Amino acid sequence: MPRRYPPELRRKALDLLAAGEPVKKVALDLGLGDQTIYQWRRTHLPHLGRPRSSPVDTAELTAARKRIAELETELAVHRRATELLRDVVSPKDDSRPCG
(Lines give C-alpha, C1' and ligand atoms only; values in the text may rest on other atoms or scores of the structure.)
Protein backbone atom coordinates (compact mmCIF):
# COMPACT_ATOMS: atom_id res chain seq x y z
CA MET A 1 0.00 0.00 0.00
CA PRO A 2 1.38 3.46 -0.92
CA ARG A 3 2.54 5.64 1.93
CA ARG A 4 0.31 8.63 2.73
CA TYR A 5 1.92 12.03 3.10
CA PRO A 6 0.34 15.13 4.66
CA PRO A 7 -1.30 17.45 2.12
CA GLU A 8 0.93 20.30 3.34
CA LEU A 9 4.05 18.36 2.38
CA ARG A 10 2.66 17.62 -1.07
CA ARG A 11 1.68 21.28 -1.52
CA LYS A 12 5.16 22.44 -0.48
CA ALA A 13 6.79 20.03 -2.93
CA LEU A 14 4.48 21.15 -5.75
CA ASP A 15 5.14 24.82 -4.98
CA LEU A 16 8.89 24.21 -5.16
CA LEU A 17 8.49 22.39 -8.47
CA ALA A 18 6.32 25.16 -9.88
CA ALA A 19 9.00 27.66 -8.83
CA GLY A 20 11.50 25.79 -10.99
CA GLU A 21 13.32 23.63 -8.47
CA PRO A 22 14.58 20.30 -9.87
CA VAL A 23 12.85 17.12 -8.72
CA LYS A 24 16.01 15.64 -7.17
CA LYS A 25 16.62 18.75 -5.04
CA VAL A 26 12.99 18.86 -3.83
CA ALA A 27 13.10 15.16 -2.98
CA LEU A 28 16.37 15.57 -1.07
CA ASP A 29 15.25 18.71 0.77
CA LEU A 30 11.94 17.17 1.86
CA GLY A 31 13.23 13.67 2.51
CA LEU A 32 11.04 12.08 -0.14
CA GLY A 33 11.71 9.64 -2.93
CA ASP A 34 12.26 10.94 -6.46
CA GLN A 35 9.49 8.77 -7.84
CA THR A 36 7.00 10.21 -5.34
CA ILE A 37 7.83 13.73 -6.52
CA TYR A 38 7.64 12.69 -10.18
CA GLN A 39 4.21 11.14 -9.60
CA TRP A 40 2.92 14.22 -7.80
CA ARG A 41 4.24 16.42 -10.59
CA ARG A 42 2.67 14.24 -13.27
CA THR A 43 -0.67 14.24 -11.43
CA HIS A 44 -0.92 17.83 -10.21
CA LEU A 45 1.36 19.82 -12.52
CA PRO A 46 0.98 18.21 -15.94
CA HIS A 47 1.96 21.45 -17.69
CA LEU A 48 5.51 21.34 -16.30
CA GLY A 49 7.93 20.22 -18.94
CA ARG A 50 5.67 21.47 -21.71
CA PRO A 51 5.42 25.02 -22.98
CA ARG A 52 2.57 26.76 -21.25
CA SER A 53 0.64 29.59 -22.82
CA SER A 54 -1.68 31.86 -20.95
CA PRO A 55 -4.79 33.39 -22.50
CA VAL A 56 -2.89 36.70 -22.70
CA ASP A 57 -0.05 35.05 -24.64
CA THR A 58 -2.54 33.38 -26.95
CA ALA A 59 -4.36 36.67 -27.60
CA GLU A 60 -1.07 38.48 -28.27
CA LEU A 61 0.06 35.75 -30.64
CA THR A 62 -3.25 35.86 -32.51
CA ALA A 63 -3.04 39.66 -32.82
CA ALA A 64 0.58 39.45 -34.00
CA ARG A 65 -0.29 36.86 -36.66
CA LYS A 66 -3.18 39.02 -37.87
CA ARG A 67 -0.90 42.08 -38.09
CA ILE A 68 1.75 40.08 -39.98
CA ALA A 69 -0.87 38.94 -42.49
CA GLU A 70 -2.02 42.57 -42.98
CA LEU A 71 1.54 43.76 -43.51
CA GLU A 72 2.28 40.96 -45.97
CA THR A 73 -0.84 41.89 -47.94
CA GLU A 74 0.14 45.56 -47.92
CA LEU A 75 3.65 44.69 -49.09
CA ALA A 76 2.27 42.57 -51.93
CA VAL A 77 0.08 45.49 -53.05
CA HIS A 78 3.05 47.86 -53.04
CA ARG A 79 5.20 45.41 -54.99
CA ARG A 80 2.47 44.94 -57.59
CA ALA A 81 1.94 48.70 -57.89
CA THR A 82 5.70 49.17 -58.37
CA GLU A 83 5.68 46.57 -61.15
CA LEU A 84 2.77 48.25 -62.90
CA LEU A 85 4.24 51.75 -62.62
CA ARG A 86 7.64 50.60 -63.81
CA ASP A 87 6.03 49.44 -67.05
CA VAL A 88 4.13 52.71 -67.54
CA VAL A 89 6.69 55.40 -66.66
CA SER A 90 10.43 55.04 -66.87
CA PRO A 91 12.33 56.95 -64.19
CA LYS A 92 14.77 58.22 -66.86
CA ASP A 93 12.06 59.50 -69.15
CA ASP A 94 13.24 62.54 -71.16
CA SER A 95 9.76 64.03 -71.31
CA ARG A 96 10.17 65.77 -67.94
CA PRO A 97 10.91 69.47 -68.18
CA CYS A 98 14.44 70.52 -67.37
CA GLY A 99 14.69 72.98 -64.54
# chains A, B, ... in the order shown; residues from 1 in each chain; ligands from 1

call {"tool": "residues_around", "arguments": {"residues": "Leu45 in chain A", "least_positions_apart": "5", "cutoff": "12 Å", "atoms": "only C-alpha atoms", "output": "ChimeraX atom specification"}}
result
/A:10-11,13-20,37-40,50,52

call {"tool": "write_last_selection", "arguments": {"atoms": "all heavy atoms", "output": "tab-separated table (two decimals), in the first residue's frame"}}
result
chain	number	residue	atom	x	y	z
A	10	ARG	N	2.87	17.71	0.38
A	10	ARG	CA	2.66	17.62	-1.07
A	10	ARG	C	2.59	19.02	-1.67
A	10	ARG	O	3.19	19.31	-2.70
A	10	ARG	CB	1.39	16.84	-1.36
A	10	ARG	CG	1.12	16.68	-2.85
A	10	ARG	CD	-0.18	15.97	-3.12
A	10	ARG	NE	-0.18	14.68	-2.45
A	10	ARG	CZ	-0.70	13.57	-2.97
A	10	ARG	NH1	-1.28	13.61	-4.14
A	10	ARG	NH2	-0.68	12.46	-2.32
A	11	ARG	N	1.83	19.91	-1.02
A	11	ARG	CA	1.68	21.28	-1.52
A	11	ARG	C	3.03	21.99	-1.57
A	11	ARG	O	3.35	22.69	-2.52
A	11	ARG	CB	0.70	22.04	-0.61
A	11	ARG	CG	0.40	23.44	-1.06
A	11	ARG	CD	-0.59	23.48	-2.21
A	11	ARG	NE	0.13	23.71	-3.46
A	11	ARG	CZ	-0.24	23.27	-4.65
A	11	ARG	NH1	-1.32	22.58	-4.81
A	11	ARG	NH2	0.48	23.52	-5.72
A	13	ALA	N	6.01	20.62	-1.84
A	13	ALA	CA	6.79	20.03	-2.93
A	13	ALA	C	6.32	20.57	-4.28
A	13	ALA	O	7.13	20.93	-5.14
A	13	ALA	CB	6.67	18.51	-2.90
A	14	LEU	N	5.02	20.64	-4.48
A	14	LEU	CA	4.48	21.15	-5.75
A	14	LEU	C	4.80	22.62	-5.95
A	14	LEU	O	5.09	23.05	-7.08
A	14	LEU	CB	2.97	20.89	-5.80
A	14	LEU	CG	2.55	19.43	-5.86
A	14	LEU	CD1	1.05	19.29	-5.71
A	14	LEU	CD2	3.03	18.77	-7.14
A	15	ASP	N	4.78	23.40	-4.87
A	15	ASP	CA	5.14	24.82	-4.98
A	15	ASP	C	6.60	24.98	-5.39
A	15	ASP	O	6.93	25.83	-6.22
A	15	ASP	CB	4.89	25.54	-3.66
A	15	ASP	CG	3.40	25.74	-3.38
A	15	ASP	OD1	2.59	25.59	-4.31
A	15	ASP	OD2	3.07	26.02	-2.21
A	16	LEU	N	7.47	24.15	-4.80
A	16	LEU	CA	8.89	24.21	-5.16
A	16	LEU	C	9.09	23.83	-6.63
A	16	LEU	O	9.89	24.45	-7.34
A	16	LEU	CB	9.70	23.30	-4.25
A	16	LEU	CG	9.84	23.78	-2.80
A	16	LEU	CD1	10.45	22.69	-1.93
A	16	LEU	CD2	10.66	25.05	-2.72
A	17	LEU	N	8.39	22.80	-7.07
A	17	LEU	CA	8.49	22.39	-8.47
A	17	LEU	C	8.00	23.49	-9.40
A	17	LEU	O	8.62	23.77	-10.43
A	17	LEU	CB	7.70	21.11	-8.71
A	17	LEU	CG	8.25	19.84	-8.09
A	17	LEU	CD1	7.26	18.70	-8.25
A	17	LEU	CD2	9.60	19.47	-8.68
A	18	ALA	N	6.88	24.09	-9.05
A	18	ALA	CA	6.32	25.16	-9.88
A	18	ALA	C	7.25	26.37	-9.93
A	18	ALA	O	7.27	27.10	-10.92
A	18	ALA	CB	4.94	25.57	-9.35
A	19	ALA	N	8.05	26.55	-8.87
A	19	ALA	CA	9.00	27.66	-8.83
A	19	ALA	C	10.26	27.36	-9.64
A	19	ALA	O	11.13	28.20	-9.77
A	19	ALA	CB	9.37	27.99	-7.39
A	20	GLY	N	10.37	26.12	-10.14
A	20	GLY	CA	11.50	25.79	-10.99
A	20	GLY	C	12.57	24.92	-10.35
A	20	GLY	O	13.60	24.67	-10.96
A	37	ILE	N	7.91	12.36	-5.99
A	37	ILE	CA	7.83	13.73	-6.52
A	37	ILE	C	7.43	13.71	-7.99
A	37	ILE	O	6.58	14.49	-8.42
A	37	ILE	CB	9.18	14.46	-6.35
A	37	ILE	CG1	9.60	14.49	-4.88
A	37	ILE	CG2	9.11	15.87	-6.92
A	37	ILE	CD1	8.71	15.28	-3.98
A	38	TYR	N	8.01	12.80	-8.76
A	38	TYR	CA	7.64	12.69	-10.18
A	38	TYR	C	6.15	12.38	-10.34
A	38	TYR	O	5.47	12.95	-11.20
A	38	TYR	CB	8.46	11.61	-10.89
A	38	TYR	CG	9.87	12.04	-11.25
A	38	TYR	CD1	10.97	11.39	-10.69
A	38	TYR	CD2	10.09	13.07	-12.13
A	38	TYR	CE1	12.26	11.77	-11.02
A	38	TYR	CE2	11.38	13.47	-12.46
A	38	TYR	CZ	12.46	12.81	-11.90
A	38	TYR	OH	13.73	13.19	-12.23
A	39	GLN	N	5.64	11.50	-9.51
A	39	GLN	CA	4.21	11.14	-9.60
A	39	GLN	C	3.34	12.33	-9.24
A	39	GLN	O	2.35	12.59	-9.92
A	39	GLN	CB	3.92	9.95	-8.67
A	39	GLN	CG	2.47	9.50	-8.69
A	39	GLN	CD	2.03	9.01	-10.06
A	39	GLN	OE1	2.78	8.36	-10.76
A	39	GLN	NE2	0.82	9.32	-10.44
A	40	TRP	N	3.69	13.04	-8.18
A	40	TRP	CA	2.92	14.22	-7.80
A	40	TRP	C	2.94	15.25	-8.91
A	40	TRP	O	1.93	15.87	-9.23
A	40	TRP	CB	3.46	14.84	-6.52
A	40	TRP	CG	3.21	14.02	-5.29
A	40	TRP	CD1	2.43	12.90	-5.18
A	40	TRP	CD2	3.73	14.27	-3.98
A	40	TRP	NE1	2.46	12.43	-3.90
A	40	TRP	CE2	3.24	13.26	-3.14
A	40	TRP	CE3	4.57	15.23	-3.45
A	40	TRP	CZ2	3.56	13.20	-1.79
A	40	TRP	CZ3	4.89	15.18	-2.11
A	40	TRP	CH2	4.38	14.17	-1.28
A	50	ARG	N	6.24	21.09	-20.42
A	50	ARG	CA	5.67	21.47	-21.71
A	50	ARG	C	5.49	22.97	-21.74
A	50	ARG	O	5.21	23.57	-20.71
A	50	ARG	CB	4.29	20.82	-21.90
A	50	ARG	CG	4.39	19.35	-22.25
A	50	ARG	CD	3.03	18.81	-22.57
A	50	ARG	NE	2.57	18.11	-21.38
A	50	ARG	CZ	1.33	18.06	-20.97
A	50	ARG	NH1	0.40	18.68	-21.63
A	50	ARG	NH2	1.00	17.41	-19.88
A	52	ARG	N	3.88	26.37	-21.75
A	52	ARG	CA	2.57	26.76	-21.25
A	52	ARG	C	2.24	28.13	-21.82
A	52	ARG	O	3.07	29.02	-21.83
A	52	ARG	CB	2.65	26.82	-19.72
A	52	ARG	CG	1.37	27.10	-19.03
A	52	ARG	CD	1.51	26.94	-17.55
A	52	ARG	NE	2.49	27.85	-17.01
A	52	ARG	CZ	2.77	27.97	-15.73
A	52	ARG	NH1	2.18	27.21	-14.86
A	52	ARG	NH2	3.67	28.83	-15.32

call {"tool": "closest_residue", "arguments": {"among": "A:Glu21, A:Glu8, A:Val77, A:Arg3", "to": "Gly33 in chain A", "atoms": "only C-alpha atoms"}}
result
A:Arg3

call {"tool": "select_by_dssp", "arguments": {"residues": "chain A", "states": "alpha helix (DSSP H)", "output": "number ranges by chain"}}
result
A: 7-18, 23-30, 34-44, 55-88

call {"tool": "decode", "arguments": {"residues": "range 9-21 of chain A", "atoms": "N, CA and C atoms", "output": "short mmCIF file (atom, residue, chain, number, x, y, z; two decimals), in the first residue's frame"}}
result
data_model
loop_
_atom_site.label_atom_id
_atom_site.label_comp_id
_atom_site.auth_asym_id
_atom_site.auth_seq_id
_atom_site.Cartn_x
_atom_site.Cartn_y
_atom_site.Cartn_z
N LEU A 9 2.76 18.76 2.95
CA LEU A 9 4.05 18.36 2.38
C LEU A 9 3.96 18.27 0.85
N ARG A 10 2.87 17.71 0.38
CA ARG A 10 2.66 17.62 -1.07
C ARG A 10 2.59 19.02 -1.67
N ARG A 11 1.83 19.91 -1.02
CA ARG A 11 1.68 21.28 -1.52
C ARG A 11 3.03 21.99 -1.57
N LYS A 12 3.85 21.81 -0.52
CA LYS A 12 5.16 22.44 -0.48
C LYS A 12 6.03 21.93 -1.63
N ALA A 13 6.01 20.62 -1.84
CA ALA A 13 6.79 20.03 -2.93
C ALA A 13 6.32 20.57 -4.28
N LEU A 14 5.02 20.64 -4.48
CA LEU A 14 4.48 21.15 -5.75
C LEU A 14 4.80 22.62 -5.95
N ASP A 15 4.78 23.40 -4.87
CA ASP A 15 5.14 24.82 -4.98
C ASP A 15 6.60 24.98 -5.39
N LEU A 16 7.47 24.15 -4.80
CA LEU A 16 8.89 24.21 -5.16
C LEU A 16 9.09 23.83 -6.63
N LEU A 17 8.39 22.80 -7.07
CA LEU A 17 8.49 22.39 -8.47
C LEU A 17 8.00 23.49 -9.40
N ALA A 18 6.88 24.09 -9.05
CA ALA A 18 6.32 25.16 -9.88
C ALA A 18 7.25 26.37 -9.93
N ALA A 19 8.05 26.55 -8.87
CA ALA A 19 9.00 27.66 -8.83
C ALA A 19 10.26 27.36 -9.64
N GLY A 20 10.37 26.12 -10.14
CA GLY A 20 11.50 25.79 -10.99
C GLY A 20 12.57 24.92 -10.35
N GLU A 21 12.34 24.49 -9.13
CA GLU A 21 13.32 23.63 -8.47
C GLU A 21 13.34 22.26 -9.14
#
